[in-house]
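Scroll down for the structure; my scribbles are underneath it.
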Amino acid sequence: MPELPEVEALKDFLAGQLVGHEVVRVLPVAVSVLKTYDPPVGAFEGSEITAVRRYGKFLDIEGDKGLHFVTHLARAGWLQWKDRLPDGPPRPGKGPLALRVALETGAGFDLTEAGTQKRLAVYVVRDPQEVPGVARLGPDPLADDFDEARLAALLKDERRQLKGALRDQSLIAGVGNAYSDEILHAAKMSPFKLAASLTPEETRRLHEALRGTLAEAVERSRGLAAGRLKSEKKSGLRVHGRTGEPCPVCGDTIREVSFSDSSLQYCPTCQTGGKPLADRRMSRLLK
């Protein structure tokens with residue numbers, strides 16, 4: 001799933017490609033991608049793009065007609081830029097193409113989604129706050145005012161584990177499964193530690209890891225074309241998706257805890273005092 005750093009890079013890339021250009025066609029291929037109907041998606045046609053913004057994991061493309069084209073790429077969605085779009089309208093079918101946006105130059109982008117769980121979303125609204133997911137977002141962790149005191153206030157009454165708290169978009173915007181693993185590894189904290197139990201020193205460490213990990217990932221992605229962002233994300237991860245590999249910090253073997261639809265990775269030596277975390281799902285499978 002694209003998270004804050006990748007969406008931030010997509011925002012910068014699209015701003016350079018879209019601002020000042022006119023959208024001449026918006027062509028839905030999969031009806032499931034459209035989450036609003038008033039105004040209709042076709043109302044965005046004829047808009048000259050004035051800005052591209054990011055809200056958490058949402059991309060907002062603003063036009064001069066007072067409308068916003070907002071998209072969330074979800075778990076398996078992606079944006080593919082094309083300097084020259086194919087001639088003719090796209091054909092509905094079983095492929096990954098969900099929606100196409102064409103500019104007056106002949107360039108544009110496709111929104112695609114792999115797999116069978118169709119969660120990629122497109123909204124055409126007058127105000128991004130009309131999108132429920134945008135309206136409920138917590139603060140952006142890279143904002144100038146996101147200091148240690150702000151993080152401490154967010155976590156002080158949280159009776160959840162840190163992993164879940166970091167992924168809650170209404171608490172902190174933009175962090176998903178991958179970067180929550182990376183942040184907790186950098187902070188040397190167990191993903192199962194209760195969020196409300198952090199000491200001031202631990203809060204300082206988590207704040208530093210949170211902002212540092214995301215800022216470094218943004219810098220690695222900055223200036224890359226949309227097609228290279230996925231591979232850049234994977235290459236920069238130290239623990240997430242690296243079960244069985246040696247930890248780059250201490251050399252211990254990276255372990256995994258599996259859930260029904262996701263998993264987390266961590267280093268026992270760096271994060272849990274050398275003790276493996278209970279993986280109840282795997283334990284049941286091994287019985």
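The chains in the structure tokens are called A, B, ... from first to last as shown; in each chain the residues are counted from 1, and the ligands are counted from 1 in the order shown.
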
For this session: Find the residues around Gln117 in chain A up to 9 Å (only C-alpha atoms counted), leave out those fewer than 3 positions away in its own chain, and share them as number ranges by chain.
Result: A: 75-76, 113-114, 120

Those same residues, written as a PDB file, in the first residue's frame with C-alpha atoms?
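Final output, part.pdb:
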ATOM      1  CA  ARG A  75      -3.809  -1.520  -0.762  1.00  0.00           C
ATOM      2  CA  ALA A  76      -3.337  -2.550  -4.383  1.00  0.00           C
ATOM      3  CA  GLU A 113      -5.748  -1.835  -9.101  1.00  0.00           C
ATOM      4  CA  ALA A 114      -4.483  -5.401  -8.856  1.00  0.00           C
ATOM      5  CA  LEU A 120      -9.266   2.101  -4.931  1.00  0.00           C
TER       6      LEU A 120
END

Problem set entry | Ala102 in chain A surroundings by only C-alpha atoms, 8 Å radius, close-in-sequence under 5 positions cut, as a list in words |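 Contacts, in chain order: Val23, Val24, Arg25, Val26, Leu85, Ala107, Gly108 and Phe109 of chain A.
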
Problem set entry | Surrounding residues of range 202-207 of chain A excluding itself and chain neighbours under 4 positions, 7 Å, only C-alpha atoms, as a PyMOL selection string | chain A and resi 148+151-152+187+198+211

Exercise. Counting only C-alpha atoms, which of A:Glu6, A:Asp87, A:Asp181, A:Glu48 gets nearest to Leu264 in chain A?
Worked result: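 Between A:Glu6, A:Asp87, A:Asp181, A:Glu48, the residue approaching Leu264 in chain A most closely is A:Asp181.
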
Exercise. Can you tell me, as an MDAnalysis selection string, what residues are no more than 10 Å from range 237-244 of chain A when counting only C-alpha atoms, ignoring any on the same chain fewer than 5 positions away?
Worked result: chainID A and resid 177:186 213 217 232 249 252:257 263:267

Exercise. Glu45 in chain A: which residues within 12 Å, counting only C-alpha atoms, same-chain residues fewer than 2 positions away excluded, as a ChimeraX atom specification?
Worked result: /A:21-27,39-43,47-49,62-69,100-104,124

Problem set entry | Within 12 Å of Phe146 in chain A using only C-alpha atoms, minus same-chain residues under 6 positions, as a list in words | Gly138, Pro139, Asp140, Ala152, Ala153, Leu154, Ile172, Ala173, His207, Glu208, Leu210 and Arg211 of chain A

Taking C-alpha atoms for each residue, export the selection above as a PDB file, in the first residue's frame.
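What landed in again22.pdb:
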ATOM      1  CA  GLY A 138      -5.423  13.130  12.399  1.00  0.00           C
ATOM      2  CA  PRO A 139      -2.430  15.495  12.213  1.00  0.00           C
ATOM      3  CA  ASP A 140       0.282  15.047   9.602  1.00  0.00           C
ATOM      4  CA  ALA A 152       2.445  12.753  23.824  1.00  0.00           C
ATOM      5  CA  ALA A 153      -1.039  14.292  23.879  1.00  0.00           C
ATOM      6  CA  LEU A 154      -2.236  11.930  21.149  1.00  0.00           C
ATOM      7  CA  ILE A 172      -1.839  10.183  12.897  1.00  0.00           C
ATOM      8  CA  ALA A 173      -2.284  10.613   9.137  1.00  0.00           C
ATOM      9  CA  HIS A 207       8.841  11.107  17.842  1.00  0.00           C
ATOM     10  CA  GLU A 208      12.372  11.177  16.458  1.00  0.00           C
ATOM     11  CA  LEU A 210       8.503   8.760  13.347  1.00  0.00           C
ATOM     12  CA  ARG A 211       9.591  11.987  11.719  1.00  0.00           C
TER      13      ARG A 211
END

Exercise. Within 12 Å of Ser231 in chain A, counting only C-alpha atoms, which residues qualify if same-chain residues fewer than 4 places away don't, as a PyMOL selection string?
Worked result: chain A and resi 2+6+220-221+224-227+235-237

Take the residues from that selection and put them in a file with N, CA, C and O atoms, as a compact mmCIF listing (two decimals), in the first residue's frame.
# COMPACT_ATOMS: atom_id res chain seq x y z
N PRO A 2 0.61 2.20 -0.91
CA PRO A 2 1.34 3.46 -0.85
C PRO A 2 1.03 4.18 0.46
O PRO A 2 -0.13 4.27 0.87
N GLU A 6 5.37 7.75 -0.32
CA GLU A 6 5.11 7.52 -1.73
C GLU A 6 4.05 8.49 -2.26
O GLU A 6 4.15 9.00 -3.39
N ARG A 220 14.31 9.89 -0.24
CA ARG A 220 14.71 8.84 -1.19
C ARG A 220 13.81 8.84 -2.42
O ARG A 220 14.25 8.51 -3.52
N SER A 221 12.54 9.20 -2.21
CA SER A 221 11.56 9.13 -3.30
C SER A 221 11.49 10.41 -4.12
O SER A 221 10.95 10.40 -5.24
N LEU A 224 11.67 11.05 -8.18
CA LEU A 224 11.51 9.82 -8.94
C LEU A 224 10.22 9.85 -9.74
O LEU A 224 9.21 10.40 -9.30
N ALA A 225 10.23 9.23 -10.90
CA ALA A 225 9.01 9.07 -11.67
C ALA A 225 8.08 8.10 -10.95
O ALA A 225 8.52 7.26 -10.15
N ALA A 226 6.79 8.21 -11.24
CA ALA A 226 5.80 7.40 -10.53
C ALA A 226 6.11 5.91 -10.61
O ALA A 226 5.93 5.17 -9.64
N GLY A 227 6.59 5.45 -11.75
CA GLY A 227 6.84 4.03 -11.95
C GLY A 227 7.97 3.46 -11.11
O GLY A 227 8.08 2.25 -10.96
N SER A 235 13.22 -1.13 -1.42
CA SER A 235 14.67 -1.17 -1.21
C SER A 235 15.08 -0.45 0.06
O SER A 235 16.11 -0.75 0.65
N GLY A 236 14.26 0.52 0.51
CA GLY A 236 14.62 1.29 1.69
C GLY A 236 14.15 0.71 3.01
O GLY A 236 14.50 1.21 4.07
N LEU A 237 13.33 -0.36 2.97
CA LEU A 237 12.79 -0.94 4.20
C LEU A 237 13.82 -1.84 4.87
O LEU A 237 14.47 -2.65 4.22

Exercise. What is the CA of Thr36 in chain A-CA of Ala121 in chain A distance in Å, reported with one decimal?
Worked result: 9.4 Å

Exercise. How far is it from CA of Leu155 in chain A to CA of Leu137 in chain A, in Å with one decimal?
Worked result: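 Calculated distance between CA of Leu155 in chain A and CA of Leu137 in chain A is 15.5 Å.
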
Please, which residues of range 39-284 of chain A, numbered as in this document, come out strand (DSSP E or B) from DSSP, as an mmCIF file with N, CA and C atoms, in the first residue's frame?
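As a result, selection-v7.cif now contains:
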data_model
loop_
_atom_site.group_PDB
_atom_site.id
_atom_site.type_symbol
_atom_site.label_atom_id
_atom_site.label_comp_id
_atom_site.auth_asym_id
_atom_site.auth_seq_id
_atom_site.Cartn_x
_atom_site.Cartn_y
_atom_site.Cartn_z
ATOM 1 N N GLU A 48 -8.670 23.397 -15.540
ATOM 2 C CA GLU A 48 -7.222 23.591 -15.585
ATOM 3 C C GLU A 48 -6.687 23.333 -14.178
ATOM 4 N N ILE A 49 -5.660 22.489 -14.086
ATOM 5 C CA ILE A 49 -5.154 22.090 -12.773
ATOM 6 C C ILE A 49 -4.365 23.244 -12.168
ATOM 7 N N THR A 50 -4.723 23.586 -10.926
ATOM 8 C CA THR A 50 -4.062 24.691 -10.234
ATOM 9 C C THR A 50 -3.147 24.232 -9.103
ATOM 10 N N ALA A 51 -3.376 23.043 -8.566
ATOM 11 C CA ALA A 51 -2.554 22.565 -7.448
ATOM 12 C C ALA A 51 -2.757 21.067 -7.264
ATOM 13 N N VAL A 52 -1.752 20.419 -6.672
ATOM 14 C CA VAL A 52 -1.855 19.027 -6.248
ATOM 15 C C VAL A 52 -1.417 18.973 -4.791
ATOM 16 N N ARG A 53 -2.250 18.389 -3.941
ATOM 17 C CA ARG A 53 -1.963 18.338 -2.510
ATOM 18 C C ARG A 53 -2.086 16.910 -1.997
ATOM 19 N N ARG A 54 -1.542 16.715 -0.791
ATOM 20 C CA ARG A 54 -1.661 15.416 -0.117
ATOM 21 C C ARG A 54 -2.343 15.619 1.227
ATOM 22 N N TYR A 55 -3.278 14.716 1.530
ATOM 23 C CA TYR A 55 -3.887 14.631 2.860
ATOM 24 C C TYR A 55 -3.721 13.196 3.341
ATOM 25 N N PHE A 58 -4.228 10.398 0.874
ATOM 26 C CA PHE A 58 -5.098 10.862 -0.205
ATOM 27 C C PHE A 58 -4.365 11.871 -1.080
ATOM 28 N N LEU A 59 -4.591 11.799 -2.386
ATOM 29 C CA LEU A 59 -4.109 12.791 -3.348
ATOM 30 C C LEU A 59 -5.271 13.677 -3.755
ATOM 31 N N ASP A 60 -5.043 14.980 -3.786
ATOM 32 C CA ASP A 60 -6.063 15.951 -4.155
ATOM 33 C C ASP A 60 -5.560 16.761 -5.341
ATOM 34 N N ILE A 61 -6.239 16.630 -6.483
ATOM 35 C CA ILE A 61 -5.924 17.395 -7.687
ATOM 36 C C ILE A 61 -7.003 18.469 -7.817
ATOM 37 N N GLU A 62 -6.583 19.739 -7.693
ATOM 38 C CA GLU A 62 -7.531 20.841 -7.682
ATOM 39 C C GLU A 62 -7.601 21.517 -9.044
ATOM 40 N N GLY A 63 -8.818 21.788 -9.504
ATOM 41 C CA GLY A 63 -9.018 22.465 -10.770
ATOM 42 C C GLY A 63 -9.561 23.860 -10.584
ATOM 43 N N HIS A 68 -12.453 19.342 -6.927
ATOM 44 C CA HIS A 68 -11.274 18.582 -6.528
ATOM 45 C C HIS A 68 -11.461 17.132 -6.948
ATOM 46 N N PHE A 69 -10.436 16.578 -7.589
ATOM 47 C CA PHE A 69 -10.377 15.154 -7.932
ATOM 48 C C PHE A 69 -9.507 14.505 -6.858
ATOM 49 N N VAL A 70 -10.131 13.754 -5.961
ATOM 50 C CA VAL A 70 -9.429 13.167 -4.820
ATOM 51 C C VAL A 70 -9.393 11.656 -4.993
ATOM 52 N N THR A 71 -8.231 11.060 -4.775
ATOM 53 C CA THR A 71 -8.112 9.608 -4.904
ATOM 54 C C THR A 71 -7.321 9.013 -3.752
ATOM 55 N N HIS A 72 -7.711 7.801 -3.376
ATOM 56 C CA HIS A 72 -6.982 6.997 -2.386
ATOM 57 C C HIS A 72 -6.643 5.687 -3.083
ATOM 58 N N GLY A 77 -3.768 -0.332 -5.288
ATOM 59 C CA GLY A 77 -3.901 0.616 -6.376
ATOM 60 C C GLY A 77 -2.588 1.301 -6.710
ATOM 61 N N TRP A 78 -2.531 1.867 -7.907
ATOM 62 C CA TRP A 78 -1.354 2.633 -8.303
ATOM 63 C C TRP A 78 -1.720 3.618 -9.390
ATOM 64 N N LEU A 79 -0.856 4.608 -9.550
ATOM 65 C CA LEU A 79 -1.003 5.615 -10.588
ATOM 66 C C LEU A 79 0.118 5.440 -11.596
ATOM 67 N N GLN A 80 -0.248 5.300 -12.852
ATOM 68 C CA GLN A 80 0.728 5.104 -13.923
ATOM 69 C C GLN A 80 0.670 6.295 -14.881
ATOM 70 N N TRP A 81 1.761 7.051 -14.911
ATOM 71 C CA TRP A 81 1.824 8.216 -15.795
ATOM 72 C C TRP A 81 2.215 7.787 -17.193
ATOM 73 N N LYS A 82 1.595 8.408 -18.198
ATOM 74 C CA LYS A 82 1.924 8.119 -19.597
ATOM 75 C C LYS A 82 2.122 9.440 -20.341
ATOM 76 N N LEU A 97 -6.943 -1.788 -15.081
ATOM 77 C CA LEU A 97 -7.272 -0.393 -15.310
ATOM 78 C C LEU A 97 -8.618 -0.034 -14.697
ATOM 79 N N ALA A 98 -8.656 1.026 -13.877
ATOM 80 C CA ALA A 98 -9.891 1.454 -13.219
ATOM 81 C C ALA A 98 -10.398 2.786 -13.751
ATOM 82 N N LEU A 99 -9.464 3.698 -14.097
ATOM 83 C CA LEU A 99 -9.884 5.033 -14.539
ATOM 84 C C LEU A 99 -8.722 5.697 -15.261
ATOM 85 N N ARG A 100 -9.043 6.498 -16.279
ATOM 86 C CA ARG A 100 -8.020 7.221 -17.048
ATOM 87 C C ARG A 100 -8.345 8.714 -17.053
ATOM 88 N N VAL A 101 -7.299 9.518 -16.877
ATOM 89 C CA VAL A 101 -7.417 10.974 -16.945
ATOM 90 C C VAL A 101 -6.512 11.463 -18.070
ATOM 91 N N ALA A 102 -7.086 12.195 -19.027
ATOM 92 C CA ALA A 102 -6.342 12.660 -20.197
ATOM 93 C C ALA A 102 -6.238 14.173 -20.201
ATOM 94 N N LEU A 103 -5.051 14.679 -20.580
ATOM 95 C CA LEU A 103 -4.801 16.123 -20.699
ATOM 96 C C LEU A 103 -4.890 16.558 -22.152
ATOM 97 N N GLY A 108 -1.268 11.903 -19.718
ATOM 98 C CA GLY A 108 -2.251 11.670 -18.678
ATOM 99 C C GLY A 108 -1.837 10.522 -17.792
ATOM 100 N N PHE A 109 -2.783 10.030 -16.996
ATOM 101 C CA PHE A 109 -2.443 8.923 -16.109
ATOM 102 C C PHE A 109 -3.594 7.936 -16.009
ATOM 103 N N ASP A 110 -3.216 6.708 -15.700
ATOM 104 C CA ASP A 110 -4.167 5.638 -15.422
ATOM 105 C C ASP A 110 -4.126 5.318 -13.937
ATOM 106 N N LEU A 111 -5.279 5.076 -13.356
ATOM 107 C CA LEU A 111 -5.371 4.501 -12.023
ATOM 108 C C LEU A 111 -5.659 3.023 -12.187
ATOM 109 N N THR A 112 -4.817 2.192 -11.609
ATOM 110 C CA THR A 112 -4.957 0.740 -11.748
ATOM 111 C C THR A 112 -5.070 0.105 -10.375
ATOM 112 N N GLU A 113 -5.631 -1.103 -10.361
ATOM 113 C CA GLU A 113 -5.748 -1.835 -9.101
ATOM 114 C C GLU A 113 -5.644 -3.329 -9.372
ATOM 115 N N ALA A 121 -10.281 4.304 -4.669
ATOM 116 C CA ALA A 121 -11.417 5.217 -4.586
ATOM 117 C C ALA A 121 -11.124 6.545 -5.270
ATOM 118 N N VAL A 122 -12.125 7.071 -5.971
ATOM 119 C CA VAL A 122 -12.051 8.390 -6.601
ATOM 120 C C VAL A 122 -13.285 9.189 -6.196
ATOM 121 N N TYR A 123 -13.055 10.430 -5.794
ATOM 122 C CA TYR A 123 -14.123 11.346 -5.401
ATOM 123 C C TYR A 123 -13.968 12.633 -6.212
ATOM 124 N N VAL A 124 -15.052 13.166 -6.708
ATOM 125 C CA VAL A 124 -15.066 14.523 -7.262
ATOM 126 C C VAL A 124 -15.940 15.362 -6.337
ATOM 127 N N VAL A 125 -15.333 16.331 -5.665
ATOM 128 C CA VAL A 125 -16.011 17.099 -4.616
ATOM 129 C C VAL A 125 -15.671 18.577 -4.746
ATOM 130 N N GLN A 161 -2.091 -1.062 21.421
ATOM 131 C CA GLN A 161 -0.671 -1.298 21.180
ATOM 132 C C GLN A 161 -0.155 -0.270 20.177
ATOM 133 N N LEU A 194 2.013 -0.885 24.944
ATOM 134 C CA LEU A 194 0.849 -0.011 25.051
ATOM 135 C C LEU A 194 1.244 1.444 24.799
ATOM 136 N N PRO A 246 18.681 -11.127 8.124
ATOM 137 C CA PRO A 246 19.354 -10.545 9.297
ATOM 138 C C PRO A 246 18.992 -9.081 9.473
ATOM 139 N N THR A 253 17.802 -12.416 13.537
ATOM 140 C CA THR A 253 16.860 -12.775 12.477
ATOM 141 C C THR A 253 15.551 -12.015 12.654
ATOM 142 N N ARG A 255 11.782 -11.398 12.671
ATOM 143 C CA ARG A 255 10.638 -12.281 12.902
ATOM 144 C C ARG A 255 9.352 -11.631 12.401
ATOM 145 N N GLU A 256 8.277 -12.457 12.393
ATOM 146 C CA GLU A 256 6.988 -12.012 11.865
ATOM 147 C C GLU A 256 5.861 -12.437 12.793
ATOM 148 N N VAL A 257 4.841 -11.593 12.870
ATOM 149 C CA VAL A 257 3.570 -11.948 13.499
ATOM 150 C C VAL A 257 2.499 -11.792 12.432
ATOM 151 N N SER A 258 1.719 -12.848 12.227
ATOM 152 C CA SER A 258 0.709 -12.848 11.175
ATOM 153 C C SER A 258 -0.672 -12.574 11.744
ATOM 154 N N SER A 263 0.529 -8.683 8.196
ATOM 155 C CA SER A 263 1.560 -9.197 9.096
ATOM 156 C C SER A 263 2.468 -8.038 9.488
ATOM 157 N N LEU A 264 3.195 -8.234 10.590
ATOM 158 C CA LEU A 264 4.187 -7.252 10.995
ATOM 159 C C LEU A 264 5.536 -7.941 11.134
ATOM 160 N N GLN A 265 6.602 -7.188 10.944
ATOM 161 C CA GLN A 265 7.953 -7.705 11.096
ATOM 162 C C GLN A 265 8.708 -6.866 12.120
ATOM 163 N N TYR A 266 9.617 -7.514 12.856
ATOM 164 C CA TYR A 266 10.350 -6.833 13.923
ATOM 165 C C TYR A 266 11.635 -7.594 14.197
#

Exercise. When you draw a straight line from CA of Lys188 in chain A to CA of Pro248 in chain A, how long is it in Å?
Worked result: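 These atoms are spaced 13.1 Å apart.
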
Exercise. Would you give me, as a ChimeraX atom specification, the residues in range 143-236 of chain A that DSSP reads as alpha helix (DSSP H)?
Worked result: /A:148-155,162-167,177-187,200-221,229-236
